[in-house]
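To keep things clear, I will list the structure first and then write my remarks on it.
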Amino acid sequence: MSSPMGWGIAVVVMGGLLNGSFAAPTKRMSAWRWENTWLIFCLTGLVIIPWVFAGATVPHLGSVYQGSSWSTLLKVTLSGFGWGLGATLFGLGIDRVGMALGFAIILGITSSVGSLLPLAVLHSEQLLTRRGFALIAGTLVMVLGLVFLTIAGRRREREVAGVAQNAPRSGFALGLVICIFAGIFSAMLNFCFLFGDELKQRALAQGASVPMASNPIWSLAVSAGFLINAAYCAYLLNKNRTWHLFSLARAPAGCWFGGALMGLLWFGGIAVYGMGATSLGSLGGIIGWPVFMSMDIVTGFFWGAVTGEWKGASRRSFAFCWIGIGILLLAIYVVSKGSAA
């Protein structure tokens, strides 16, 4: 593997490690409900940090947007809004089919759609090359890894919670459909990166460094996604009457810090992914996305084990888990090796 390609893949992997860790602080935020935590995360990770970071790293940020075509701005904004819808559907889907199955289905679809569809639409001539075959093969290997992780997760739920509590929930079929659409819409975050190349080029022209040139894309895209996430949080805060939890004296300052840390880890992972994908060349967003998603999944399973979610699971369940992780790492190797051609 060439040095630039290896460095780019390594940076994408680091982005996946950061992004996959963003939910870990929720384990220490029991004083708040989900909607309280998620709203603070959205404010910091989807609005405050992205715009501060973009303003600090891209000279004349306003000129970048003013000089860009309406077509590019609209594509990035709509893709970002679509990703925000996918994030909301994610929560609804896993509530119906369970965390293990929903997580695997959604991220598996997101990984495939976010890389293969842009390759087929934007670079169809690359489909039958060594790079295209490597991406297709790597995606198929990832699906196999997701199957093992799904089996491990389902077994763990039965062993920890008991078979009776793990019975299929009402509305399972609807939940499965929701998960499929969540995976499709969540992949649109990568579309933002691919469709926003004009913003990146204008940022470079204004003096931004190559690793930071994607920041105008992310700030616009995730802010569009913030709108639907915030609306859903507001709906839950009103429905559950949990606005008052923000002002309770017993709510520790750690909740506010934890919500902000979630935003920092999440957007930090996205920004680092953008740096790595940019260094991978014209197909960076297509090559890097499945690698990023795989590391996101692996990191999520790691934090689940560290925080005790796998306590009481059998050795067989652990075996399925580690086999799945090993297969995902193999998929990363296949994609990166083929892409180096």
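Chain labels A, B, ... are given in the sequence in which chains occur in the structure tokens; within each chain residues are numbered consecutively from 1, and ligands are likewise numbered from 1 in the order shown.
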I need the helix (DSSP H, G or I) residues of range 97-277 of chain A per DSSP on the backbone, written as a PDB file with C-alpha atoms, in the first residue's frame.
ATOM      1  CA  VAL A  97     -36.453  -4.380  16.584  1.00  0.00           C
ATOM      2  CA  MET A  99     -30.435  -2.489  19.574  1.00  0.00           C
ATOM      3  CA  ALA A 100     -28.305  -5.343  18.221  1.00  0.00           C
ATOM      4  CA  LEU A 101     -30.365  -6.117  15.130  1.00  0.00           C
ATOM      5  CA  GLY A 102     -31.268  -2.494  14.384  1.00  0.00           C
ATOM      6  CA  PHE A 103     -27.681  -1.260  14.778  1.00  0.00           C
ATOM      7  CA  ALA A 104     -26.330  -3.881  12.383  1.00  0.00           C
ATOM      8  CA  ILE A 105     -29.058  -3.407   9.754  1.00  0.00           C
ATOM      9  CA  ILE A 106     -28.869   0.381   9.725  1.00  0.00           C
ATOM     10  CA  LEU A 107     -25.094   0.754   9.635  1.00  0.00           C
ATOM     11  CA  GLY A 108     -24.741  -2.121   7.193  1.00  0.00           C
ATOM     12  CA  ILE A 109     -27.100  -0.412   4.740  1.00  0.00           C
ATOM     13  CA  THR A 110     -25.493   2.966   5.413  1.00  0.00           C
ATOM     14  CA  SER A 111     -22.056   1.567   4.621  1.00  0.00           C
ATOM     15  CA  SER A 112     -23.147  -0.044   1.365  1.00  0.00           C
ATOM     16  CA  VAL A 113     -25.430   2.704   0.062  1.00  0.00           C
ATOM     17  CA  GLY A 114     -23.000   5.448   1.067  1.00  0.00           C
ATOM     18  CA  SER A 115     -20.195   3.989  -1.045  1.00  0.00           C
ATOM     19  CA  LEU A 116     -21.622   1.855  -3.850  1.00  0.00           C
ATOM     20  CA  LEU A 117     -24.404   4.205  -4.980  1.00  0.00           C
ATOM     21  CA  PRO A 118     -22.111   7.250  -5.409  1.00  0.00           C
ATOM     22  CA  LEU A 119     -19.597   5.029  -7.237  1.00  0.00           C
ATOM     23  CA  ALA A 120     -22.287   3.808  -9.642  1.00  0.00           C
ATOM     24  CA  VAL A 121     -23.711   7.307 -10.216  1.00  0.00           C
ATOM     25  CA  LEU A 122     -20.630   9.542 -10.142  1.00  0.00           C
ATOM     26  CA  SER A 124     -19.577   4.335 -13.165  1.00  0.00           C
ATOM     27  CA  GLU A 125     -16.424   3.795 -15.234  1.00  0.00           C
ATOM     28  CA  GLN A 126     -14.657   2.651 -12.044  1.00  0.00           C
ATOM     29  CA  ARG A 130      -9.652  -3.337  -9.648  1.00  0.00           C
ATOM     30  CA  ARG A 131     -10.649  -0.500  -7.338  1.00  0.00           C
ATOM     31  CA  GLY A 132     -14.350  -1.038  -8.040  1.00  0.00           C
ATOM     32  CA  PHE A 133     -14.107  -4.803  -7.548  1.00  0.00           C
ATOM     33  CA  ALA A 134     -12.217  -4.269  -4.276  1.00  0.00           C
ATOM     34  CA  LEU A 135     -14.930  -1.950  -2.981  1.00  0.00           C
ATOM     35  CA  ILE A 136     -17.699  -4.358  -3.962  1.00  0.00           C
ATOM     36  CA  ALA A 137     -15.840  -7.326  -2.457  1.00  0.00           C
ATOM     37  CA  GLY A 138     -15.048  -5.369   0.707  1.00  0.00           C
ATOM     38  CA  THR A 139     -18.687  -4.369   1.090  1.00  0.00           C
ATOM     39  CA  LEU A 140     -19.818  -7.996   0.755  1.00  0.00           C
ATOM     40  CA  VAL A 141     -17.259  -9.039   3.372  1.00  0.00           C
ATOM     41  CA  MET A 142     -18.584  -6.291   5.660  1.00  0.00           C
ATOM     42  CA  VAL A 143     -22.117  -7.649   5.291  1.00  0.00           C
ATOM     43  CA  LEU A 144     -20.836 -11.056   6.432  1.00  0.00           C
ATOM     44  CA  GLY A 145     -19.187  -9.421   9.434  1.00  0.00           C
ATOM     45  CA  LEU A 146     -22.444  -7.643  10.274  1.00  0.00           C
ATOM     46  CA  VAL A 147     -24.271 -10.985  10.202  1.00  0.00           C
ATOM     47  CA  PHE A 148     -21.925 -12.373  12.872  1.00  0.00           C
ATOM     48  CA  LEU A 149     -22.270  -9.221  14.981  1.00  0.00           C
ATOM     49  CA  THR A 150     -26.056  -9.421  14.694  1.00  0.00           C
ATOM     50  CA  ILE A 151     -26.018 -13.037  15.879  1.00  0.00           C
ATOM     51  CA  ALA A 152     -23.735 -12.072  18.770  1.00  0.00           C
ATOM     52  CA  GLY A 153     -25.962  -9.174  19.766  1.00  0.00           C
ATOM     53  CA  ARG A 154     -29.158 -11.206  19.649  1.00  0.00           C
ATOM     54  CA  ARG A 155     -27.594 -14.013  21.677  1.00  0.00           C
ATOM     55  CA  ARG A 156     -26.368 -11.504  24.256  1.00  0.00           C
ATOM     56  CA  GLU A 157     -29.839 -10.012  24.624  1.00  0.00           C
ATOM     57  CA  ARG A 158     -31.341 -13.445  25.245  1.00  0.00           C
ATOM     58  CA  GLU A 159     -28.647 -14.445  27.739  1.00  0.00           C
ATOM     59  CA  VAL A 160     -28.658 -11.192  29.697  1.00  0.00           C
ATOM     60  CA  ALA A 161     -32.330 -10.258  29.625  1.00  0.00           C
ATOM     61  CA  ALA A 164     -39.138 -14.121  27.717  1.00  0.00           C
ATOM     62  CA  GLN A 165     -38.053 -10.499  27.668  1.00  0.00           C
ATOM     63  CA  ASN A 166     -36.481 -10.956  24.231  1.00  0.00           C
ATOM     64  CA  PHE A 172     -41.559  -5.669  14.323  1.00  0.00           C
ATOM     65  CA  ALA A 173     -42.276  -5.615  10.586  1.00  0.00           C
ATOM     66  CA  LEU A 174     -42.802  -1.855  10.679  1.00  0.00           C
ATOM     67  CA  GLY A 175     -39.616  -1.500  12.714  1.00  0.00           C
ATOM     68  CA  LEU A 176     -37.673  -3.446  10.102  1.00  0.00           C
ATOM     69  CA  VAL A 177     -38.953  -1.118   7.360  1.00  0.00           C
ATOM     70  CA  ILE A 178     -37.998   1.901   9.479  1.00  0.00           C
ATOM     71  CA  CYS A 179     -34.472   0.493   9.946  1.00  0.00           C
ATOM     72  CA  ILE A 180     -34.079   0.036   6.193  1.00  0.00           C
ATOM     73  CA  PHE A 181     -35.086   3.637   5.505  1.00  0.00           C
ATOM     74  CA  ALA A 182     -32.891   4.824   8.390  1.00  0.00           C
ATOM     75  CA  GLY A 183     -29.890   3.137   6.778  1.00  0.00           C
ATOM     76  CA  ILE A 184     -30.641   4.682   3.382  1.00  0.00           C
ATOM     77  CA  PHE A 185     -31.139   8.209   4.711  1.00  0.00           C
ATOM     78  CA  SER A 186     -28.155   8.015   7.085  1.00  0.00           C
ATOM     79  CA  MET A 188     -26.730  10.817   2.821  1.00  0.00           C
ATOM     80  CA  LEU A 189     -24.107  12.292   5.139  1.00  0.00           C
ATOM     81  CA  ASN A 190     -21.507  10.859   2.782  1.00  0.00           C
ATOM     82  CA  PHE A 191     -23.440  12.287  -0.177  1.00  0.00           C
ATOM     83  CA  CYS A 192     -22.859  15.722   1.358  1.00  0.00           C
ATOM     84  CA  PHE A 193     -19.122  15.161   1.138  1.00  0.00           C
ATOM     85  CA  LEU A 194     -19.311  13.903  -2.438  1.00  0.00           C
ATOM     86  CA  PHE A 195     -21.726  16.557  -3.736  1.00  0.00           C
ATOM     87  CA  ASP A 197     -16.698  19.248  -3.794  1.00  0.00           C
ATOM     88  CA  GLU A 198     -17.238  22.806  -5.068  1.00  0.00           C
ATOM     89  CA  LEU A 199     -17.266  24.085  -1.480  1.00  0.00           C
ATOM     90  CA  LYS A 200     -14.016  22.226  -0.810  1.00  0.00           C
ATOM     91  CA  GLN A 201     -12.357  23.686  -3.905  1.00  0.00           C
ATOM     92  CA  ARG A 202     -13.442  27.227  -3.013  1.00  0.00           C
ATOM     93  CA  ALA A 203     -12.140  26.764   0.536  1.00  0.00           C
ATOM     94  CA  LEU A 204      -8.770  25.759  -0.925  1.00  0.00           C
ATOM     95  CA  ALA A 205      -8.823  28.833  -3.159  1.00  0.00           C
ATOM     96  CA  VAL A 210      -6.165  20.461   2.301  1.00  0.00           C
ATOM     97  CA  PRO A 211      -7.145  18.587   5.514  1.00  0.00           C
ATOM     98  CA  MET A 212      -9.481  21.444   6.551  1.00  0.00           C
ATOM     99  CA  ASN A 215     -15.196  21.862   6.900  1.00  0.00           C
ATOM    100  CA  PRO A 216     -17.602  24.175   4.993  1.00  0.00           C
ATOM    101  CA  ILE A 217     -19.381  21.041   3.767  1.00  0.00           C
ATOM    102  CA  TRP A 218     -19.815  19.545   7.234  1.00  0.00           C
ATOM    103  CA  SER A 219     -20.962  22.753   8.932  1.00  0.00           C
ATOM    104  CA  LEU A 220     -23.721  23.294   6.378  1.00  0.00           C
ATOM    105  CA  ALA A 221     -24.761  19.635   6.173  1.00  0.00           C
ATOM    106  CA  VAL A 222     -25.001  18.802   9.873  1.00  0.00           C
ATOM    107  CA  SER A 223     -26.754  22.081  10.662  1.00  0.00           C
ATOM    108  CA  ALA A 224     -29.463  21.059   8.189  1.00  0.00           C
ATOM    109  CA  GLY A 225     -29.654  17.705   9.965  1.00  0.00           C
ATOM    110  CA  PHE A 226     -29.928  19.513  13.296  1.00  0.00           C
ATOM    111  CA  LEU A 227     -33.340  20.900  12.365  1.00  0.00           C
ATOM    112  CA  ILE A 228     -35.159  17.579  12.309  1.00  0.00           C
ATOM    113  CA  ASN A 229     -33.237  16.174  15.295  1.00  0.00           C
ATOM    114  CA  ALA A 230     -34.059  19.244  17.386  1.00  0.00           C
ATOM    115  CA  ALA A 231     -37.707  19.087  16.334  1.00  0.00           C
ATOM    116  CA  TYR A 232     -37.946  15.465  17.471  1.00  0.00           C
ATOM    117  CA  CYS A 233     -36.245  16.290  20.777  1.00  0.00           C
ATOM    118  CA  ALA A 234     -38.678  19.154  21.360  1.00  0.00           C
ATOM    119  CA  TYR A 235     -41.574  16.810  20.631  1.00  0.00           C
ATOM    120  CA  LEU A 236     -40.327  14.299  23.228  1.00  0.00           C
ATOM    121  CA  LEU A 237     -39.558  17.016  25.781  1.00  0.00           C
ATOM    122  CA  ASN A 238     -43.137  18.249  25.511  1.00  0.00           C
ATOM    123  CA  LYS A 239     -44.670  14.789  25.419  1.00  0.00           C
ATOM    124  CA  ASN A 240     -42.689  13.461  28.397  1.00  0.00           C
ATOM    125  CA  TRP A 243     -37.891  20.251  30.028  1.00  0.00           C
ATOM    126  CA  HIS A 244     -37.563  20.752  33.788  1.00  0.00           C
ATOM    127  CA  LEU A 245     -34.662  18.290  33.993  1.00  0.00           C
ATOM    128  CA  PHE A 246     -32.404  20.970  32.524  1.00  0.00           C
ATOM    129  CA  ALA A 253     -22.823  19.451  35.825  1.00  0.00           C
ATOM    130  CA  GLY A 254     -21.474  16.242  34.344  1.00  0.00           C
ATOM    131  CA  CYS A 255     -24.651  15.945  32.261  1.00  0.00           C
ATOM    132  CA  TRP A 256     -23.936  19.243  30.530  1.00  0.00           C
ATOM    133  CA  PHE A 257     -20.288  18.335  30.093  1.00  0.00           C
ATOM    134  CA  GLY A 258     -21.213  14.861  28.843  1.00  0.00           C
ATOM    135  CA  GLY A 259     -23.596  16.259  26.228  1.00  0.00           C
ATOM    136  CA  ALA A 260     -20.927  18.668  24.995  1.00  0.00           C
ATOM    137  CA  LEU A 261     -18.324  15.876  24.949  1.00  0.00           C
ATOM    138  CA  MET A 262     -20.667  13.759  22.823  1.00  0.00           C
ATOM    139  CA  GLY A 263     -20.874  16.592  20.301  1.00  0.00           C
ATOM    140  CA  LEU A 264     -17.097  17.026  20.272  1.00  0.00           C
ATOM    141  CA  LEU A 265     -16.427  13.316  19.744  1.00  0.00           C
ATOM    142  CA  TRP A 266     -19.096  12.960  17.073  1.00  0.00           C
ATOM    143  CA  PHE A 267     -18.135  15.959  14.973  1.00  0.00           C
ATOM    144  CA  GLY A 268     -14.450  15.345  15.652  1.00  0.00           C
ATOM    145  CA  GLY A 269     -14.865  11.922  14.064  1.00  0.00           C
ATOM    146  CA  ILE A 270     -16.682  13.389  11.054  1.00  0.00           C
ATOM    147  CA  ALA A 271     -14.018  16.087  10.594  1.00  0.00           C
ATOM    148  CA  VAL A 272     -11.171  13.558  10.845  1.00  0.00           C
ATOM    149  CA  TYR A 273     -12.953  11.292   8.370  1.00  0.00           C
ATOM    150  CA  GLY A 274     -13.135  14.236   5.967  1.00  0.00           C
ATOM    151  CA  MET A 275      -9.391  14.806   6.316  1.00  0.00           C
ATOM    152  CA  GLY A 276      -8.605  11.171   5.566  1.00  0.00           C
ATOM    153  CA  ALA A 277     -11.091  10.881   2.704  1.00  0.00           C
TER     154      ALA A 277
END
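Nearest residue to Ala56 in chain A, choosing from A:Val298, A:Phe81, A:Ser314, A:Ala208 and counting only C-alpha atoms: A:Ala208.
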Next item on the list: Could you jot down the CA of Gly55 in chain A to CA of Met293 in chain A separation for me, Å, one decimal place?
Entry: 27.2 Å
Check: By how many Å are CA of Ile327 in chain A and CA of Leu17 in chain A apart?
Finding: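 Straight-line distance from CA of Ile327 in chain A to CA of Leu17 in chain A works out to 17.1 Å.
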Check: Which residue out of A:Gly91, A:Leu127, A:Ile325, A:Ser79 has the minimum interatomic distance to Ile297 in chain A when only C-alpha atoms are used?
Finding: A:Ile325
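Atom pair CA of Met29 in chain A / CA of Leu248 in chain A: separated by 13.6 Å.
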Notebook entry, point to check: Which one of A:Trp38, A:Gly82, A:Leu328, A:Leu46 sits closest to Pro25 in chain A if you count only C-alpha atoms?
Noted result: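 Smallest distance to Pro25 in chain A is found for A:Trp38.
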